[in-house]
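The structure appears right after this line, and notes come after that.
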Amino acid sequence: MRYFTFALFCFVIPAMNAQVDLPVGFTSSELEQIARGDFQIQSSSVRGIATQPPFTNLRSMAEWEEIQCLTVAWISYPSILKQIVANAKNQTLVIILSENVAATENYLNATNTGGPAFTDMDNVIILPANFDSVWMRDYAANPVYGNEVDTLMLVDWIYNRPTRPNDDASPQTIADYLGLNLYTMTEAPDDLVNTGGNWMVDGFGTAFASELILEENQSGNSYGVTAKSEADIDLLVEEYLGIDRYIKMPMLPYDGIHHIDMHMKLLDEQRLLIGEYPAGVSDGPQINANMEYVVSNFMNKWGEPYEVIRIPMPPSAGGNWPSSNPPSSYRTYTNAVFVNDMVILPIYREEYDTTALRIWQESLPGYQIIGIDCDNQTDNIISASGAIHCITHSVGVNDPLLISHNPLDDTTNTTTPYEVVAYMNHRTGVAAGRLYWKTDLLGSYNLVDMVSIGNNEWSGLIPAQPAGTTVYYYVEGESNSGKILQRPIAAPTAYWSFDVLGPDAIQEEAFAFSRIFPNPASAITCVEFESFATQRATAFVVNANGQRVDQVFDSTISPGKNKFFIHANKYAAGMYYIQLVGEKGVYQLPFVVE
């Protein structure tokens, strides 16, 4: 399909406006303007419908779902944008907002700009629009469905960059082009300040964020929005975005923007890709504590612990980190975007890129994994505290076929079939479910017709296999209207897999250790220990004078790894100890409260 561009000017000017260096975070002039109280919220007359969406069972779309378009704003870092568009247009429509349509198209079609010339403009549309910065993720609106899989709409909030009012208003351009209603959280008491980089959802009612969302909307905030408690914010995201569980984590010491997309990524409903620093370095201790808090206190949609996959956070070429003096840029491999069968992520230097690309590919077998250099001299976007995810956004399809499945674990079962259960829903209903499986990646898939077992769930059986077998599989749904979709969405090249183990599979051996992290501590802090026996254990916070100031844990513990959490901000700065009293003795570990 060919999409034609709209001419805005009859002469050619550069494809970027004068403001090419706006960072993800605030400029010094913006901070000064906020301090003066000059922040102005865009009027609802140019920002959609300032009421709650009139639908039941609202559902925010997860990023790995099927999309109809990827959106970018053409203003700065053009060589990176060109590479994004060149790859993404093979998967979906790409909508480019531009202040000069002709100049943008000329850049794409040139042989000496940011990569090879485009041979065609298929699947690319350039819309004339006013905007101020490239950071589309933070100010674009979020795709939300009514009745879970029915009416698609866009929902927006207040973007709190005072010199960028056109950014805040630009989602209307995309909504108008796609013929979608735009609902906005701009009018008191529903006025909410937020940014898309600090917003991550699982497609089933759970959202993740840093506690920046609380700070920016609290009493006395700098933006003139109605003061809101955490409960008020939770209610708003439920009413506008269908979120009924909003998980918030302490902000990181060295991440200046406090957007979680700089160090984490939801790969699907059950897996978290988390940035990893060397032990004790930079934001590593607080990231580790935050993730321990999440996996210990929250379950995924199937009532199981989240799986955490770690990926390196690389230093500068000189070996510096965000915590160094001088600090390095916040290099990250999690700041990536799903584009249907493809993932586009930032890369930096081969010595780290090779590992990161391998982790992405092993985590999402069968997907196209595309790296774009975000650390080169021409377009060093990472120095502005952002990367690929920060400058893109997506809009889901109008007719989603929702499929969700909890992948099967490795098993020692060699005698009975393996049941695959998938949730499938479509506005017209689901007519059929199909399961495809094989035991040889080079072989052909076997087909099993799934059966409806109620509550939009479909079941299929993979025959029992001998020990030593790896089973590869995916599921497919077909709606009553005839739409067909697979999950993983990149199937049949993508798949889930599990191993059939022998009955004598070796159990990992436990070992004893204790640690507190982060240490020094200032927020949620994890205390981790290991026990050789089942016993009653009680833990206290003890001050430097040996006085117990707080009881923080009291439970029967099992052999193996155990953990609990303290809120270090309850205590005055200084030296403390965690004192663990068990049936086998008393143990103490020191920690410092900053």
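Chains: A, B, ... in order of the structure tokens. Residues: from 1 per chain. Ligands: from 1, in order shown.
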- Message: Residues within 8 Å of A:Arg271, please, as a list of chain:residue names. Count only C-alpha atoms; anything in the same chain fewer than 6 positions from it doesn't count.
- Response: A:Tyr306, A:Glu307, A:Val308, A:Ile309
Report as JSON lines the residues of stretch 424-494 of chain A within 8 Å of stretch 394-414 of chain A, each with its shortest atom pair and distance in Å (one decimal), using only C-alpha atoms, ordered by chain and increasing residue number.
```
{"residue": "A:Met424", "atom": "CA", "partner": "A:Ile403", "partner_atom": "CA", "distance": 4.6}
{"residue": "A:Asn425", "atom": "CA", "partner": "A:Leu402", "partner_atom": "CA", "distance": 5.2}
{"residue": "A:His426", "atom": "CA", "partner": "A:Leu401", "partner_atom": "CA", "distance": 5.0}
{"residue": "A:Arg427", "atom": "CA", "partner": "A:Asp399", "partner_atom": "CA", "distance": 7.8}
{"residue": "A:Ala464", "atom": "CA", "partner": "A:Thr414", "partner_atom": "CA", "distance": 5.5}
{"residue": "A:Gln465", "atom": "CA", "partner": "A:Thr414", "partner_atom": "CA", "distance": 5.5}
{"residue": "A:Pro466", "atom": "CA", "partner": "A:Thr414", "partner_atom": "CA", "distance": 5.4}
{"residue": "A:Ala467", "atom": "CA", "partner": "A:Thr414", "partner_atom": "CA", "distance": 6.4}
{"residue": "A:Gly477", "atom": "CA", "partner": "A:Ile403", "partner_atom": "CA", "distance": 7.4}
{"residue": "A:Ser479", "atom": "CA", "partner": "A:Leu401", "partner_atom": "CA", "distance": 7.3}
{"residue": "A:Lys483", "atom": "CA", "partner": "A:Leu401", "partner_atom": "CA", "distance": 7.5}
{"residue": "A:Ile484", "atom": "CA", "partner": "A:Leu401", "partner_atom": "CA", "distance": 7.7}
{"residue": "A:Leu485", "atom": "CA", "partner": "A:Leu401", "partner_atom": "CA", "distance": 6.6}
{"residue": "A:Gln486", "atom": "CA", "partner": "A:Ile403", "partner_atom": "CA", "distance": 7.8}
{"residue": "A:Arg487", "atom": "CA", "partner": "A:Ile403", "partner_atom": "CA", "distance": 6.4}
```
Dump C-alpha atoms for the selected residues as a PDB file, in the first residue's frame?
```pdb
ATOM      1  CA  MET A 424      -8.473 -15.819  23.469  1.00  0.00           C
ATOM      2  CA  ASN A 425     -10.957 -12.992  22.984  1.00  0.00           C
ATOM      3  CA  HIS A 426     -12.320 -11.032  20.030  1.00  0.00           C
ATOM      4  CA  ARG A 427     -15.245  -8.641  19.662  1.00  0.00           C
ATOM      5  CA  ALA A 464       4.029 -37.040  26.100  1.00  0.00           C
ATOM      6  CA  GLN A 465       7.651 -37.067  24.971  1.00  0.00           C
ATOM      7  CA  PRO A 466      10.727 -39.014  26.132  1.00  0.00           C
ATOM      8  CA  ALA A 467      13.347 -37.486  28.437  1.00  0.00           C
ATOM      9  CA  GLY A 477      -6.775 -18.113  17.226  1.00  0.00           C
ATOM     10  CA  SER A 479     -12.344 -15.115  15.285  1.00  0.00           C
ATOM     11  CA  LYS A 483      -9.355 -12.879  11.651  1.00  0.00           C
ATOM     12  CA  ILE A 484      -6.377 -15.159  12.419  1.00  0.00           C
ATOM     13  CA  LEU A 485      -3.486 -14.322  14.743  1.00  0.00           C
ATOM     14  CA  GLN A 486      -0.663 -16.263  16.395  1.00  0.00           C
ATOM     15  CA  ARG A 487       1.019 -15.925  19.744  1.00  0.00           C
TER      16      ARG A 487
END
```
- Message: Could you list, as a PyMOL selection string, every residue within 9 Å of A:Ile260, counting only C-alpha atoms and ignoring same-chain residues fewer than 6 positions away?
- Response: chain A and resi 197-200+208-210+251
- Item | Separation of atom CA of A:Ile524 from atom CA of A:Phe564 in Å | 10.3 Å
- Message: So that I can check the secondary structure, give me every residue of stretch 345-522 of chain A assigned strand (DSSP E) by backbone DSSP, as a PyMOL selection string.
- Response: chain A and resi 345-347+368-373+393-396+402-405+418-425+430-438+446-454+457-462+470-479+484-487+496-499+514-517
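With only C-alpha atoms as the atoms that count, the minimum distance from A:Met342 to the choices A:Glu419, A:Asp554, A:Asp232, A:Glu63 is reached by A:Glu63.
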- Task: Would you list the contacts of A:Gly205 as number ranges by chain, taking every protein, DNA or RNA residue within 9 Å and counting only C-alpha atoms, but skipping same-chain residues closer than 2 positions in sequence?
- Result: A: 58-60, 201-203, 207, 238, 241-246, 301
- Near A:Val24, within 12 Å and counting only C-alpha atoms, which residues show up once chain neighbours fewer than 3 positions away are dropped, as a ChimeraX atom specification? /A:20-21,27,30,132-139,159-161,164,195-198,255-259,262,330,381-387,389-391
Write the residues of the preceding selection, restricted to N, CA and C atoms, as a compact mmCIF listing (two decimals), in the first residue's frame.
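Written file, out16.txt:
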```
# COMPACT_ATOMS: atom_id res chain seq x y z
N VAL A 20 16.88 21.58 18.46
CA VAL A 20 17.27 20.20 18.18
C VAL A 20 17.90 19.52 19.39
N ASP A 21 18.12 20.28 20.46
CA ASP A 21 18.89 19.73 21.56
C ASP A 21 18.08 19.57 22.84
N THR A 27 15.09 21.29 30.65
CA THR A 27 16.20 22.21 30.44
C THR A 27 16.28 23.15 31.63
N GLU A 30 13.46 25.59 31.54
CA GLU A 30 12.18 25.00 31.96
C GLU A 30 12.09 24.88 33.47
N ASP A 132 7.45 20.21 19.49
CA ASP A 132 8.64 20.89 19.99
C ASP A 132 9.86 19.98 20.16
N SER A 133 9.65 18.68 20.35
CA SER A 133 10.79 17.81 20.62
C SER A 133 10.56 16.43 20.02
N VAL A 134 11.60 15.63 20.05
CA VAL A 134 11.60 14.31 19.45
C VAL A 134 11.02 13.25 20.38
N TRP A 135 10.77 13.57 21.66
CA TRP A 135 10.51 12.54 22.67
C TRP A 135 9.06 12.08 22.66
N MET A 136 8.70 11.46 21.55
CA MET A 136 7.32 11.02 21.29
C MET A 136 6.76 10.14 22.39
N ARG A 137 7.57 9.27 22.98
CA ARG A 137 7.07 8.34 24.00
C ARG A 137 6.44 9.08 25.16
N ASP A 138 7.03 10.19 25.56
CA ASP A 138 6.57 10.88 26.76
C ASP A 138 5.29 11.66 26.54
N TYR A 139 5.08 12.20 25.34
CA TYR A 139 3.91 13.07 25.17
C TYR A 139 2.82 12.47 24.28
N TYR A 159 1.77 16.58 29.80
CA TYR A 159 3.23 16.50 29.63
C TYR A 159 3.82 17.77 30.25
N ASN A 160 4.62 17.62 31.27
CA ASN A 160 5.02 18.76 32.09
C ASN A 160 6.35 19.39 31.68
N ARG A 161 6.50 19.68 30.39
CA ARG A 161 7.66 20.42 29.92
C ARG A 161 7.15 21.78 29.46
N ARG A 164 7.29 23.29 25.86
CA ARG A 164 6.94 22.36 24.79
C ARG A 164 5.43 22.14 24.68
N THR A 195 4.47 10.84 32.18
CA THR A 195 5.25 10.71 30.95
C THR A 195 5.28 9.24 30.55
N GLY A 196 5.26 9.00 29.24
CA GLY A 196 5.18 7.63 28.74
C GLY A 196 6.39 6.79 29.02
N GLY A 197 7.56 7.41 29.23
CA GLY A 197 8.73 6.63 29.59
C GLY A 197 8.65 6.03 30.98
N ASN A 198 7.73 6.56 31.77
CA ASN A 198 7.53 6.06 33.13
C ASN A 198 6.20 5.31 33.22
N ASP A 255 19.69 8.22 37.95
CA ASP A 255 18.87 8.37 36.75
C ASP A 255 18.15 9.71 36.85
N GLY A 256 18.61 10.69 36.10
CA GLY A 256 18.09 12.04 36.25
C GLY A 256 16.64 12.21 35.85
N ILE A 257 16.11 11.34 34.98
CA ILE A 257 14.73 11.51 34.52
C ILE A 257 13.75 10.58 35.24
N HIS A 258 14.24 9.52 35.86
CA HIS A 258 13.42 8.59 36.66
C HIS A 258 12.33 7.92 35.83
N HIS A 259 12.64 7.62 34.57
CA HIS A 259 11.73 6.88 33.71
C HIS A 259 12.17 5.42 33.68
N MET A 262 14.32 3.26 31.04
CA MET A 262 15.78 3.32 30.92
C MET A 262 16.47 2.12 31.57
N TYR A 330 23.51 7.52 30.39
CA TYR A 330 22.78 6.40 30.96
C TYR A 330 22.51 5.37 29.86
N ILE A 381 22.22 10.34 20.66
CA ILE A 381 20.97 10.57 21.38
C ILE A 381 21.06 10.16 22.84
N ILE A 382 21.87 9.16 23.16
CA ILE A 382 21.91 8.68 24.54
C ILE A 382 22.46 9.75 25.48
N SER A 383 23.24 10.69 24.96
CA SER A 383 23.75 11.77 25.80
C SER A 383 22.64 12.72 26.24
N ALA A 384 21.48 12.65 25.58
CA ALA A 384 20.32 13.45 25.96
C ALA A 384 19.36 12.66 26.85
N SER A 385 19.83 11.51 27.35
CA SER A 385 19.09 10.69 28.32
C SER A 385 17.91 9.95 27.71
N GLY A 386 18.04 9.56 26.46
CA GLY A 386 16.99 8.78 25.84
C GLY A 386 17.52 7.93 24.70
N ALA A 387 16.66 7.05 24.17
CA ALA A 387 17.07 6.19 23.06
C ALA A 387 15.83 5.83 22.23
N HIS A 389 13.10 3.68 22.50
CA HIS A 389 11.76 3.70 23.08
C HIS A 389 11.29 5.12 23.30
N CYS A 390 12.21 6.00 23.70
CA CYS A 390 11.85 7.37 24.04
C CYS A 390 11.33 8.17 22.86
N ILE A 391 11.70 7.80 21.63
CA ILE A 391 11.34 8.62 20.47
C ILE A 391 10.33 7.92 19.56
```
- Message: So that I can check the secondary structure, give me every residue of stretch 288-400 of chain A assigned helix (DSSP H, G or I) by backbone DSSP, as a PyMOL selection string.
- Response: chain A and resi 288-297+350-363+381-384+389-391
Only C-alpha atoms, please: the residues just picked out, written as a compact mmCIF listing (two decimals), in the first residue's frame.
```txt
# COMPACT_ATOMS: atom_id res chain seq x y z
CA ASN A 288 18.20 -4.90 42.42
CA ALA A 289 16.25 -3.94 45.52
CA ASN A 290 13.33 -2.69 43.45
CA MET A 291 13.19 -5.90 41.44
CA GLU A 292 13.44 -8.05 44.56
CA TYR A 293 10.55 -6.04 45.98
CA VAL A 294 8.48 -6.59 42.83
CA VAL A 295 9.06 -10.32 42.50
CA SER A 296 8.54 -10.90 46.22
CA ASN A 297 5.32 -8.93 46.53
CA GLU A 350 30.40 -4.21 19.98
CA GLU A 351 32.02 -5.53 23.18
CA TYR A 352 28.70 -5.05 25.00
CA ASP A 353 26.29 -5.09 22.04
CA THR A 354 27.07 -8.73 21.22
CA THR A 355 25.93 -9.89 24.64
CA ALA A 356 22.85 -7.67 24.66
CA LEU A 357 21.70 -8.77 21.21
CA ARG A 358 22.18 -12.41 22.20
CA ILE A 359 20.05 -11.93 25.34
CA TRP A 360 17.28 -10.28 23.34
CA GLN A 361 17.35 -13.01 20.69
CA GLU A 362 17.36 -15.84 23.24
CA SER A 363 14.50 -14.18 25.10
CA ILE A 381 20.97 10.57 21.38
CA ILE A 382 21.91 8.68 24.54
CA SER A 383 23.75 11.77 25.80
CA ALA A 384 20.32 13.45 25.96
CA HIS A 389 11.76 3.70 23.08
CA CYS A 390 11.85 7.37 24.04
CA ILE A 391 11.34 8.62 20.47
```
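Atom pair atom CA of A:Met313 / atom CA of A:Asn519: separated by 19.8 Å.
Residues in contact with A:Trp74 at up to 9 Å, not including ones fewer than 6 positions away on its chain and judged by only C-alpha atoms, are Ala15, Met16, Leu81, Ile96, Leu97, Ser98, Glu99, Asn100, Thr104, Ser133 and Val134 of chain A.
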- Message: I'd like the contact shell of A:Met450 - 7 Å cut-off, only C-alpha atoms, skipping same-chain residues fewer than 5 positions apart - returned as a ChimeraX atom specification.
- Response: /A:433-435,458-460
- At what distance in Å, to one decimal, does atom CA of A:Thr71 lie from atom CA of A:Phe131? 13.2 Å
- Task: Using only C-alpha atoms, pick whichever of A:Ala73, A:Val225, A:Val430, A:Ala494 has the shortest atom-to-atom distance to A:Asn194.
- Result: A:Val225
